file protein.pdb (PDB, C-alpha atoms)
ATOM      1  CA  MET J 291     -47.988   5.932   5.834
ATOM      2  CA  LYS J 292     -50.369   5.556   8.790
ATOM      3  CA  TYR J 293     -49.937   1.785   8.878
ATOM      4  CA  ARG J 294     -46.190   2.122   8.453
ATOM      5  CA  GLY J 295     -46.095   4.386  11.510
ATOM      6  CA  ILE J 296     -48.095   1.837  13.522
ATOM      7  CA  TYR J 297     -45.649  -0.913  12.574
ATOM      8  CA  TYR J 298     -42.647   1.223  13.546
ATOM      9  CA  GLY J 299     -44.324   2.187  16.793
ATOM     10  CA  LYS J 300     -44.949  -1.436  17.720
ATOM     11  CA  LEU J 301     -41.385  -2.365  16.860
ATOM     12  CA  THR J 302     -40.010   0.531  18.910
ATOM     13  CA  LYS J 303     -42.033  -0.727  21.869
ATOM     14  CA  VAL J 304     -40.619  -4.230  21.454
ATOM     15  CA  LEU J 305     -37.048  -2.907  21.282
ATOM     16  CA  PHE J 306     -37.645  -0.764  24.364
ATOM     17  CA  PHE J 307     -38.791  -3.689  26.484
ATOM     18  CA  ILE J 308     -35.817  -5.741  25.283
ATOM     19  CA  LEU J 309     -33.467  -3.018  26.452
ATOM     20  CA  VAL J 310     -35.048  -2.278  29.833
ATOM     21  CA  SER J 311     -36.392  -5.653  30.880
ATOM     22  CA  LEU J 312     -35.595  -6.594  34.465
ATOM     23  CA  GLN J 313     -33.245  -9.341  33.316
ATOM     24  CA  SER J 314     -31.820  -8.583  29.888
ATOM     25  CA  ALA J 315     -30.356 -11.298  27.715
ATOM     26  CA  ALA J 316     -26.611 -11.244  27.160
ATOM     27  CA  GLN J 317     -25.492  -9.425  24.056
ATOM     28  CA  GLN J 318     -22.874 -10.688  21.632
ATOM     29  CA  ASP J 319     -20.234  -8.675  19.829
ATOM     30  CA  PRO J 320     -21.220  -6.945  16.585
ATOM     31  CA  ILE J 321     -21.455  -9.253  13.560
ATOM     32  CA  PHE J 322     -19.606  -8.149  10.438
ATOM     33  CA  THR J 323     -20.171  -9.337   6.873
ATOM     34  CA  GLN J 324     -16.792  -8.363   5.366
ATOM     35  CA  TYR J 325     -14.637  -9.901   8.108
ATOM     36  CA  MET J 326     -12.908 -12.185   5.551
ATOM     37  CA  TYR J 327     -11.047  -9.115   4.249
ATOM     38  CA  ASN J 328      -9.827  -8.061   7.719
ATOM     39  CA  GLY J 329      -9.457 -10.967  10.129
ATOM     40  CA  GLN J 330      -7.889  -8.777  12.800
ATOM     41  CA  VAL J 331     -11.246  -7.444  13.989
ATOM     42  CA  ILE J 332     -11.970 -10.970  15.287
ATOM     43  CA  ASN J 333      -8.593 -12.665  15.734
ATOM     44  CA  PRO J 334      -5.565 -10.905  17.307
ATOM     45  CA  ALA J 335      -3.220 -13.449  15.686
ATOM     46  CA  TYR J 336      -3.974 -11.813  12.312
ATOM     47  CA  ALA J 337      -2.224  -8.565  13.309
ATOM     48  CA  GLY J 338       0.847  -7.933  11.146
ATOM     49  CA  ILE J 339       0.385 -11.069   9.032
ATOM     50  CA  TRP J 340       1.480  -9.315   5.799
ATOM     51  CA  GLU J 341       4.577  -7.265   5.070
ATOM     52  CA  LYS J 342       2.460  -4.121   4.874
ATOM     53  CA  ALA J 343       0.732  -2.105   7.559
ATOM     54  CA  GLY J 344      -3.044  -2.201   7.187
ATOM     55  CA  PHE J 345      -5.831   0.265   7.974
ATOM     56  CA  THR J 346      -9.550  -0.554   7.719
ATOM     57  CA  ALA J 347     -12.530   1.693   8.519
ATOM     58  CA  LEU J 348     -16.030   0.198   8.612
ATOM     59  CA  VAL J 349     -19.569   1.472   9.135
ATOM     60  CA  ARG J 350     -22.444  -0.999   9.530
ATOM     61  CA  GLU J 351     -26.064   0.143   9.638
ATOM     62  CA  GLN J 352     -28.343  -2.679  10.728
ATOM     63  CA  TRP J 353     -32.068  -2.821   9.908
ATOM     64  CA  ALA J 354     -32.143   0.412   7.905
ATOM     65  CA  GLY J 355     -35.429   2.287   8.230
ATOM     66  CA  ILE J 356     -35.907   1.507  11.921
ATOM     67  CA  ASN J 357     -35.327   4.398  14.287
ATOM     68  CA  ARG J 358     -32.284   3.884  16.554
ATOM     69  CA  ALA J 359     -31.452   0.474  15.082
ATOM     70  CA  PRO J 360     -27.930  -0.880  15.742
ATOM     71  CA  LEU J 361     -25.089   1.143  14.242
ATOM     72  CA  THR J 362     -21.470  -0.039  14.378
ATOM     73  CA  GLU J 363     -18.389   2.015  13.539
ATOM     74  CA  SER J 364     -15.020   0.273  13.498
ATOM     75  CA  LEU J 365     -11.419   1.332  12.956
ATOM     76  CA  SER J 366      -8.619  -1.273  12.727
ATOM     77  CA  LEU J 367      -4.862  -0.770  12.406
ATOM     78  CA  HIS J 368      -2.174  -3.438  12.282
ATOM     79  CA  SER J 369       1.428  -3.745  11.173
ATOM     80  CA  PRO J 370       4.437  -6.053  11.308
ATOM     81  CA  LEU J 371       7.514  -4.832  13.172
ATOM     82  CA  ASN J 372      11.183  -4.906  12.177
ATOM     83  CA  ASN J 373      11.156  -8.432  13.523
ATOM     84  CA  GLU J 374       8.882  -9.953  10.861
ATOM     85  CA  SER J 375       7.625 -12.593  13.291
ATOM     86  CA  VAL J 376       5.944  -9.939  15.458
ATOM     87  CA  GLY J 377       2.827  -7.942  14.648
ATOM     88  CA  VAL J 378       0.824  -5.331  16.566
ATOM     89  CA  GLY J 379      -2.625  -3.860  16.082
ATOM     90  CA  LEU J 380      -5.387  -1.661  17.447
ATOM     91  CA  ASN J 381      -9.174  -2.006  17.194
ATOM     92  CA  ILE J 382     -11.674   0.729  18.055
ATOM     93  CA  ILE J 383     -15.366  -0.207  17.853
ATOM     94  CA  ASN J 384     -18.236   2.171  18.643
ATOM     95  CA  ASP J 385     -21.526   0.274  18.898
ATOM     96  CA  THR J 386     -24.873   2.042  19.345
ATOM     97  CA  TYR J 387     -28.259   0.371  19.888
ATOM     98  CA  ALA J 388     -31.181   2.692  20.695
ATOM     99  CA  ARG J 389     -29.561   4.969  23.314
ATOM    100  CA  GLU J 390     -27.168   2.294  24.549
ATOM    101  CA  LYS J 391     -23.525   2.971  23.626
ATOM    102  CA  ARG J 392     -20.452   0.743  23.822
ATOM    103  CA  LEU J 393     -16.976   1.991  22.975
ATOM    104  CA  THR J 394     -14.391  -0.801  22.859
ATOM    105  CA  ILE J 395     -10.645  -0.237  22.472
ATOM    106  CA  LEU J 396      -8.447  -3.327  22.154
ATOM    107  CA  ALA J 397      -4.747  -3.638  21.306
ATOM    108  CA  ASP J 398      -3.277  -6.727  19.598
ATOM    109  CA  TYR J 399       0.049  -8.532  19.786
ATOM    110  CA  ALA J 400       0.884 -11.470  17.511
ATOM    111  CA  TYR J 401       3.855 -13.794  17.098
ATOM    112  CA  GLU J 402       4.507 -16.177  14.203
ATOM    113  CA  VAL J 403       6.432 -19.449  14.029
ATOM    114  CA  ASN J 404       7.301 -21.413  10.895
ATOM    115  CA  LEU J 405       6.136 -25.025  11.120
ATOM    116  CA  THR J 406       7.497 -25.785   7.650
ATOM    117  CA  PRO J 407       8.974 -23.534   4.909
ATOM    118  CA  TRP J 408       5.378 -22.891   3.739
ATOM    119  CA  ARG J 409       3.153 -23.437   6.778
ATOM    120  CA  ARG J 410       3.001 -20.797   9.511
ATOM    121  CA  LEU J 411       1.248 -20.624  12.877
ATOM    122  CA  ARG J 412       0.488 -17.340  14.591
ATOM    123  CA  PHE J 413      -0.442 -16.717  18.241
ATOM    124  CA  GLY J 414      -2.144 -13.528  19.337
ATOM    125  CA  VAL J 415      -3.504 -11.715  22.403
ATOM    126  CA  LYS J 416      -5.957  -8.826  22.719
ATOM    127  CA  PHE J 417      -6.173  -6.524  25.709
ATOM    128  CA  GLY J 418      -8.130  -3.377  26.386
ATOM    129  CA  PHE J 419     -11.443  -2.131  27.743
ATOM    130  CA  THR J 420     -15.053  -1.197  27.002
ATOM    131  CA  ASN J 421     -16.894   1.967  28.037
ATOM    132  CA  TYR J 422     -20.637   1.417  28.484
ATOM    133  CA  LYS J 423     -23.407   3.988  28.742
ATOM    134  CA  ASN J 424     -27.191   3.568  28.808
ATOM    135  CA  PRO J 425     -29.225   6.694  29.689
ATOM    136  CA  LEU J 426     -32.360   4.924  30.976
ATOM    137  CA  SER J 427     -33.928   8.221  32.006
ATOM    138  CA  ASP J 428     -34.214   9.206  28.315
ATOM    139  CA  TYR J 429     -36.506   6.333  27.347
ATOM    140  CA  GLN J 430     -40.177   7.145  26.809
ATOM    141  CA  LEU J 431     -43.080   4.718  27.057
ATOM    142  CA  TYR J 432     -45.202   3.954  24.008
ATOM    143  CA  PRO J 433     -47.669   5.309  22.958
ATOM    144  CA  ASP J 434     -48.110   8.260  25.350
ATOM    145  CA  GLY J 435     -44.422   9.297  25.343
ATOM    146  CA  GLU J 436     -44.149   9.497  29.139
ATOM    147  CA  TYR J 437     -40.965   8.707  31.057
ATOM    148  CA  ASP J 438     -40.876   5.655  33.299
ATOM    149  CA  PRO J 439     -39.880   6.558  36.902
ATOM    150  CA  ALA J 440     -38.637   2.990  37.393
ATOM    151  CA  PHE J 441     -35.665   3.906  35.181
ATOM    152  CA  ALA J 442     -34.968   7.396  36.477
ATOM    153  CA  GLN J 443     -31.211   6.921  36.802
ATOM    154  CA  ASP J 444     -28.630   6.240  34.090
ATOM    155  CA  ILE J 445     -25.909   3.616  33.763
ATOM    156  CA  ASP J 446     -22.465   4.995  32.939
ATOM    157  CA  LEU J 447     -19.525   2.600  33.294
ATOM    158  CA  LYS J 448     -16.216   4.043  32.170
ATOM    159  CA  PHE J 449     -13.932   1.021  32.293
ATOM    160  CA  LEU J 450     -14.678  -2.671  31.738
ATOM    161  CA  PRO J 451     -11.280  -4.394  31.173
ATOM    162  CA  ASN J 452     -10.955  -7.430  28.938
ATOM    163  CA  PHE J 453      -8.482  -9.590  27.033
ATOM    164  CA  GLY J 454      -8.624 -12.265  24.338
ATOM    165  CA  VAL J 455      -6.546 -14.897  22.554
ATOM    166  CA  GLY J 456      -6.311 -16.242  19.025
ATOM    167  CA  PHE J 457      -4.518 -18.722  16.767
ATOM    168  CA  PHE J 458      -4.082 -18.533  13.000
ATOM    169  CA  LEU J 459      -2.668 -21.345  10.833
ATOM    170  CA  TYR J 460      -2.054 -20.597   7.166
ATOM    171  CA  GLU J 461      -0.183 -21.219   3.952
ATOM    172  CA  ASP J 462      -0.367 -19.237   0.726
ATOM    173  CA  ASN J 463      -3.665 -20.835  -0.330
ATOM    174  CA  TYR J 464      -5.585 -21.578   2.879
ATOM    175  CA  TYR J 465      -6.104 -20.450   6.449
ATOM    176  CA  ILE J 466      -7.926 -21.497   9.606
ATOM    177  CA  GLY J 467      -8.359 -19.364  12.696
ATOM    178  CA  LEU J 468      -9.617 -19.887  16.256
ATOM    179  CA  ALA J 469     -10.196 -16.945  18.582
ATOM    180  CA  ILE J 470     -11.908 -15.786  21.746
ATOM    181  CA  PRO J 471     -11.592 -11.994  21.459
ATOM    182  CA  LYS J 472     -13.129 -11.324  24.895
ATOM    183  CA  MET J 473     -12.329 -13.799  27.648
ATOM    184  CA  VAL J 474     -13.827 -11.804  30.547
ATOM    185  CA  GLU J 475     -17.622 -11.949  30.834
ATOM    186  CA  ASN J 476     -18.091  -8.443  32.190
ATOM    187  CA  ASP J 477     -21.435  -7.758  33.813
ATOM    188  CA  PHE J 478     -22.980  -5.047  35.914
ATOM    189  CA  SER J 479     -26.155  -4.393  37.854
ATOM    190  CA  TYR J 480     -28.236  -1.370  38.621
ATOM    191  CA  ASN J 481     -29.924  -2.145  41.911
ATOM    192  CA  TYR J 482     -32.434   0.729  42.068
ATOM    193  CA  GLN J 483     -35.058  -1.356  40.272
ATOM    194  CA  ASN J 484     -33.040  -4.594  40.016
ATOM    195  CA  TYR J 485     -32.026  -3.773  36.441
ATOM    196  CA  SER J 486     -29.214  -6.109  35.445
ATOM    197  CA  THR J 487     -27.583  -7.228  32.247
ATOM    198  CA  GLN J 488     -24.494  -9.039  31.068
ATOM    199  CA  SER J 489     -22.464  -6.521  29.131
ATOM    200  CA  GLU J 490     -20.128  -8.895  27.291
ATOM    201  CA  ILE J 491     -20.205 -12.648  26.829
ATOM    202  CA  ARG J 492     -17.492 -15.080  25.844
ATOM    203  CA  THR J 493     -17.776 -16.078  22.181
ATOM    204  CA  VAL J 494     -15.609 -18.586  20.317
ATOM    205  CA  TYR J 495     -14.914 -17.906  16.630
ATOM    206  CA  LEU J 496     -13.758 -20.619  14.234
ATOM    207  CA  ASN J 497     -13.208 -19.573  10.635
ATOM    208  CA  GLY J 498     -11.302 -20.653   7.563
ATOM    209  CA  GLY J 499     -10.994 -20.439   3.814
ATOM    210  CA  TYR J 500      -9.252 -21.916   0.791
ATOM    211  CA  VAL J 501      -7.936 -20.135  -2.304
ATOM    212  CA  PHE J 502      -8.442 -21.861  -5.664
ATOM    213  CA  PHE J 503      -6.628 -20.494  -8.733
ATOM    214  CA  LEU J 504      -9.008 -21.105 -11.618
ATOM    215  CA  ASP J 505      -6.490 -20.243 -14.331
ATOM    216  CA  PRO J 506      -2.652 -20.165 -14.497
ATOM    217  CA  PHE J 507      -2.522 -16.354 -14.719
ATOM    218  CA  SER J 508      -4.496 -15.737 -11.481
ATOM    219  CA  ARG J 509      -7.171 -13.813 -13.371
ATOM    220  CA  TYR J 510      -9.946 -15.713 -11.565
ATOM    221  CA  ILE J 511      -9.574 -16.799  -7.966
ATOM    222  CA  PHE J 512     -12.288 -18.611  -6.011
ATOM    223  CA  LYS J 513     -12.285 -18.509  -2.205
ATOM    224  CA  PRO J 514     -14.930 -20.369  -0.178
ATOM    225  CA  THR J 515     -14.982 -19.364   3.504
ATOM    226  CA  PHE J 516     -16.825 -20.311   6.689
ATOM    227  CA  MET J 517     -17.344 -18.845  10.139
ATOM    228  CA  ILE J 518     -18.772 -20.526  13.256
ATOM    229  CA  ARG J 519     -19.661 -18.495  16.368
ATOM    230  CA  ALA J 520     -20.437 -20.286  19.625
ATOM    231  CA  SER J 521     -21.502 -18.818  22.992
ATOM    232  CA  LEU J 522     -22.765 -20.574  26.099
ATOM    233  CA  ASN J 523     -26.584 -20.794  26.214
ATOM    234  CA  MET J 524     -26.847 -19.078  22.815
ATOM    235  CA  PRO J 525     -27.806 -20.603  19.448
ATOM    236  CA  LEU J 526     -24.867 -21.682  17.295
ATOM    237  CA  GLN J 527     -24.321 -19.275  14.405
ATOM    238  CA  TYR J 528     -22.476 -19.986  11.180
ATOM    239  CA  ASP J 529     -21.690 -18.345   7.848
ATOM    240  CA  LEU J 530     -20.949 -20.044   4.531
ATOM    241  CA  ALA J 531     -19.598 -17.807   1.768
ATOM    242  CA  ALA J 532     -18.334 -18.021  -1.799
ATOM    243  CA  ASN J 533     -15.990 -15.254  -3.002
ATOM    244  CA  LEU J 534     -14.569 -14.660  -6.487
ATOM    245  CA  LEU J 535     -11.684 -12.339  -7.425
ATOM    246  CA  PHE J 536     -11.543 -10.982 -10.995
ATOM    247  CA  TYR J 537      -8.241  -9.786 -12.482
ATOM    248  CA  GLU J 538      -6.837  -8.865  -9.044
ATOM    249  CA  ARG J 539      -9.303  -5.959  -9.011
ATOM    250  CA  ILE J 540     -12.784  -6.914  -7.802
ATOM    251  CA  TRP J 541     -13.874  -9.321  -5.089
ATOM    252  CA  THR J 542     -17.514 -10.408  -5.180
ATOM    253  CA  GLY J 543     -19.150 -12.623  -2.591
ATOM    254  CA  LEU J 544     -22.373 -14.315  -1.519
ATOM    255  CA  MET J 545     -22.977 -15.537   2.015
ATOM    256  CA  TRP J 546     -25.604 -17.567   3.857
ATOM    257  CA  ARG J 547     -25.886 -16.834   7.600
ATOM    258  CA  ALA J 548     -27.833 -19.159   9.871
ATOM    259  CA  GLY J 549     -28.417 -19.651  13.573
ATOM    260  CA  ASN J 550     -29.894 -16.790  15.590
ATOM    261  CA  GLY J 551     -31.645 -15.259  12.569
ATOM    262  CA  GLN J 552     -31.061 -16.251   8.968
ATOM    263  CA  ALA J 553     -29.693 -13.882   6.344
ATOM    264  CA  VAL J 554     -28.497 -13.733   2.762
ATOM    265  CA  CYS J 555     -25.530 -11.415   2.263
ATOM    266  CA  ALA J 556     -23.779 -10.009  -0.800
ATOM    267  CA  SER J 557     -20.484  -8.112  -0.834
ATOM    268  CA  ILE J 558     -18.124  -6.437  -3.268
ATOM    269  CA  GLN J 559     -14.610  -5.055  -2.812
ATOM    270  CA  TRP J 560     -12.885  -2.806  -5.339
ATOM    271  CA  LEU J 561      -9.081  -2.902  -5.286
ATOM    272  CA  LEU J 562      -8.409   0.553  -6.703
ATOM    273  CA  ASN J 563      -4.653  -0.030  -6.640
ATOM    274  CA  LYS J 564      -2.154  -2.128  -4.679
ATOM    275  CA  ASN J 565      -2.796  -0.140  -1.518
ATOM    276  CA  LEU J 566      -6.364   1.215  -1.602
ATOM    277  CA  ARG J 567      -9.680  -0.657  -1.535
ATOM    278  CA  VAL J 568     -13.335   0.135  -0.879
ATOM    279  CA  GLY J 569     -16.110  -2.304  -0.068
ATOM    280  CA  PHE J 570     -19.866  -2.589   0.256
ATOM    281  CA  ALA J 571     -22.079  -5.346   1.645
ATOM    282  CA  MET J 572     -25.814  -5.832   2.103
ATOM    283  CA  ASP J 573     -27.647  -8.308   4.339
ATOM    284  CA  ILE J 574     -31.273  -9.358   4.072
ATOM    285  CA  THR J 575     -32.361 -10.921   7.367
ATOM    286  CA  TYR J 576     -35.284 -13.337   7.495
ATOM    287  CA  ASN J 577     -36.827 -13.062  10.966
ATOM    288  CA  GLU J 578     -39.720 -11.303  12.687
ATOM    289  CA  ILE J 579     -38.193  -7.880  11.944
ATOM    290  CA  PHE J 580     -37.994  -8.503   8.176
ATOM    291  CA  PRO J 581     -41.268  -6.685   7.218
ATOM    292  CA  TYR J 582     -40.266  -3.509   9.065
ATOM    293  CA  GLN J 583     -36.720  -2.866   7.819
ATOM    294  CA  ASN J 584     -34.906  -2.173   4.562
ATOM    295  CA  GLY J 585     -31.840  -4.354   4.958
ATOM    296  CA  THR J 586     -28.436  -4.043   6.620
ATOM    297  CA  TYR J 587     -25.617  -2.124   4.917
ATOM    298  CA  GLU J 588     -21.879  -2.191   5.483
ATOM    299  CA  PHE J 589     -19.244   0.157   4.005
ATOM    300  CA  THR J 590     -15.475  -0.315   4.283
ATOM    301  CA  LEU J 591     -12.363   1.608   3.311
ATOM    302  CA  GLY J 592      -8.964  -0.075   3.430
ATOM    303  CA  TRP J 593      -5.445   1.219   2.933
ATOM    304  CA  ASP J 594      -2.112  -0.648   3.066
ATOM    305  CA  MET J 595       1.423   0.737   3.194
ATOM    306  CA  ASP J 596       4.865  -0.853   3.259
ATOM    307  CA  PHE J 597       6.767   1.222   5.815
ATOM    308  CA  PHE J 598       9.769  -1.096   5.772
ATOM    309  CA  GLY J 599      10.556  -1.007   2.050
ATOM    310  CA  ARG J 600      10.922  -4.757   1.762
ATOM    311  CA  SER J 601      11.775  -6.161  -1.631
ATOM    312  CA  TYR J 602       9.143  -8.921  -1.500
ATOM    313  CA  VAL J 603       5.388  -8.601  -1.009
ATOM    314  CA  ARG J 604       3.193 -11.708  -0.806
ATOM    315  CA  ALA J 605      -0.158 -11.770  -2.553
ATOM    316  CA  LYS J 606      -2.946 -10.957  -0.102
ATOM    317  CA  TYR J 607      -6.005 -13.158  -0.660
ATOM    318  CA  PHE J 608      -7.269 -13.260   2.965
TER     319      PHE J 608
END
call {"tool": "encode", "arguments": {"input": "protein.pdb", "output": "structure tokens"}}
result
Amino acid sequence: MKYRGIYYGKLTKVLFFILVSLQSAAQQDPIFTQYMYNGQVINPAYAGIWEKAGFTALVREQWAGINRAPLTESLSLHSPLNNESVGVGLNIINDTYAREKRLTILADYAYEVNLTPWRRLRFGVKFGFTNYKNPLSDYQLYPDGEYDPAFAQDIDLKFLPNFGVGFFLYEDNYYIGLAIPKMVENDFSYNYQNYSTQSEIRTVYLNGGYVFFLDPFSRYIFKPTFMIRASLNMPLQYDLAANLLFYERIWTGLMWRAGNGQAVCASIQWLLNKNLRVGFAMDITYNEIFPYQNGTYEFTLGWDMDFFGRSYVRAKYF
């Protein structure tokens, strides 16, 4: 236990200096593992894509076992309107890292056009804001636990506006999406000790998937997916995943994540009935933090409801 405490202490010191360095590196949006079951959290064009309204709650604990490691809580809502070509949505994301807190609220609007009787293209926009808070005066130096007078004042920004765009092309058995959920690169500075950081950076997301029916009764469905994330002056990140649906009840998946830190991810989604689903995912990251943490865990709860009473409901495989 003594050596474990030393390791955690050293890691806490490293995380502290990352957070309060005179010129902090830009931080990307939270990374999710189960995004292939709720594309709206990334792409506004996904909002209202199905006949039903959708609700998804997510909690992601990163690097379990490390004190004040990143924790992300997300709530997503989206629904079509009476005009089936129009969809709306809302995303609320609370992201905590050490004592730094970011609350992001973004609304979505999507519009769909039929390119052919089977192929559809959706356009979407996001708009909203982020609240940012970082109580620098609460940080203590390691190992003596003293407070640093250089960071004696806090940062508390109540409103950082932003907007994003997205496109989503799909048929019944495939999809491809392109989105920039935050177009504005908000930044701020704290001039007392020249503390400055870039609060949000512009990230491009390209993702897609294909649905293979392995038998004529749709008992086994295979869905390979990919995700590419690109930001200026940041390493390219990409995910490759294989997902299998059994008897319209259980999704299982394996994912390989590479780029800025490599990880192996596994996920499972239980479709309890036509409207309710629960999910769990685990990531094992292979980087310098690997010996000090116990993995990353993600829990989801999803619920769908047809408020319009439509006589047809398309199968939802993405």
call {"tool": "resolve_selection", "arguments": {"input": "protein.pdb", "expression": "the PyMOL selection byres ((chain J and resi 374-382) around 8)", "output": "PyMOL selection string"}}
result
chain J and resi 330-331+334+337-339+341+364-373+383-384+393-403
call {"tool": "resolve_selection", "arguments": {"input": "protein.pdb", "expression": "the PyMOL selection byres ((chain J and resi 531) around 7)", "output": "PyMOL selection string"}}
result
chain J and resi 514-516+529-530+532-533+543-546
call {"tool": "write_last_selection", "arguments": {"input": "protein.pdb", "atoms": "C-alpha atoms", "output": "JSON list (two decimals), in the frame of the given file"}}
result
[["chain", "number", "residue", "atom", "x", "y", "z"],
["J", 514, "PRO", "CA", -14.93, -20.37, -0.18],
["J", 515, "THR", "CA", -14.98, -19.36, 3.50],
["J", 516, "PHE", "CA", -16.82, -20.31, 6.69],
["J", 529, "ASP", "CA", -21.69, -18.34, 7.85],
["J", 530, "LEU", "CA", -20.95, -20.04, 4.53],
["J", 532, "ALA", "CA", -18.33, -18.02, -1.80],
["J", 533, "ASN", "CA", -15.99, -15.25, -3.00],
["J", 543, "GLY", "CA", -19.15, -12.62, -2.59],
["J", 544, "LEU", "CA", -22.37, -14.32, -1.52],
["J", 545, "MET", "CA", -22.98, -15.54, 2.02],
["J", 546, "TRP", "CA", -25.60, -17.57, 3.86]]
call {"tool": "resolve_selection", "arguments": {"input": "protein.pdb", "expression": "the PyMOL selection byres ((chain J and resi 475) around 7)", "output": "list of chain:residue names"}}
result
J:Met473, J:Val474, J:Asn476, J:Asp477, J:Glu490, J:Ile491, J:Arg492
call {"tool": "residues_around", "arguments": {"input": "protein.pdb", "residues": "Asn550 in chain J", "least_positions_apart": "3", "cutoff": "8 Å", "atoms": "only C-alpha atoms", "output": "ChimeraX atom specification"}}
result
/J:525-527
call {"tool": "atom_distance", "arguments": {"input": "protein.pdb", "atom1": "CA of Gly344 in chain J", "atom2": "CA of Asp596 in chain J"}}
result
8.9 Å
call {"tool": "atom_distance", "arguments": {"input": "protein.pdb", "atom1": "CA of Leu561 in chain J", "atom2": "CA of Ile540 in chain J"}}
result
6.0 Å
call {"tool": "atom_distance", "arguments": {"input": "protein.pdb", "atom1": "CA of Gly329 in chain J", "atom2": "CA of Lys423 in chain J"}}
result
27.7 Å
call {"tool": "closest_residue", "arguments": {"input": "protein.pdb", "among": "J:Thr493, J:Leu459, J:Leu405, J:Arg412", "to": "Asn523 in chain J", "atoms": "all atoms listed in the file"}}
result
J:Thr493
call {"tool": "residues_near_point", "arguments": {"input": "protein.pdb", "point": "(0.3, -20.2, -2.2)", "cutoff": "12 Å", "atoms": "only C-alpha atoms", "output": "list in words"}}
result
Pro407, Trp408, Arg409, Tyr460, Glu461, Asp462, Asn463, Tyr464, Tyr465, Tyr500, Val501, Phe502, Phe503, Ser508, Ile511, Arg604, Ala605, Lys606, Tyr607 and Phe608 of chain J
call {"tool": "write_last_selection", "arguments": {"input": "protein.pdb", "atoms": "C-alpha atoms", "output": "JSON list (two decimals), keeping the file's coordinate frame"}}
result
[["chain", "number", "residue", "atom", "x", "y", "z"],
["J", 407, "PRO", "CA", 8.97, -23.53, 4.91],
["J", 408, "TRP", "CA", 5.38, -22.89, 3.74],
["J", 409, "ARG", "CA", 3.15, -23.44, 6.78],
["J", 460, "TYR", "CA", -2.05, -20.60, 7.17],
["J", 461, "GLU", "CA", -0.18, -21.22, 3.95],
["J", 462, "ASP", "CA", -0.37, -19.24, 0.73],
["J", 463, "ASN", "CA", -3.66, -20.84, -0.33],
["J", 464, "TYR", "CA", -5.58, -21.58, 2.88],
["J", 465, "TYR", "CA", -6.10, -20.45, 6.45],
["J", 500, "TYR", "CA", -9.25, -21.92, 0.79],
["J", 501, "VAL", "CA", -7.94, -20.14, -2.30],
["J", 502, "PHE", "CA", -8.44, -21.86, -5.66],
["J", 503, "PHE", "CA", -6.63, -20.49, -8.73],
["J", 508, "SER", "CA", -4.50, -15.74, -11.48],
["J", 511, "ILE", "CA", -9.57, -16.80, -7.97],
["J", 604, "ARG", "CA", 3.19, -11.71, -0.81],
["J", 605, "ALA", "CA", -0.16, -11.77, -2.55],
["J", 606, "LYS", "CA", -2.95, -10.96, -0.10],
["J", 607, "TYR", "CA", -6.00, -13.16, -0.66],
["J", 608, "PHE", "CA", -7.27, -13.26, 2.96]]
call {"tool": "residues_around", "arguments": {"input": "protein.pdb", "residues": "Phe570 in chain J", "least_positions_apart": "2", "cutoff": "7 Å", "atoms": "all atoms listed in the file", "output": "PyMOL selection string"}}
result
chain J and resi 557-559+588-590
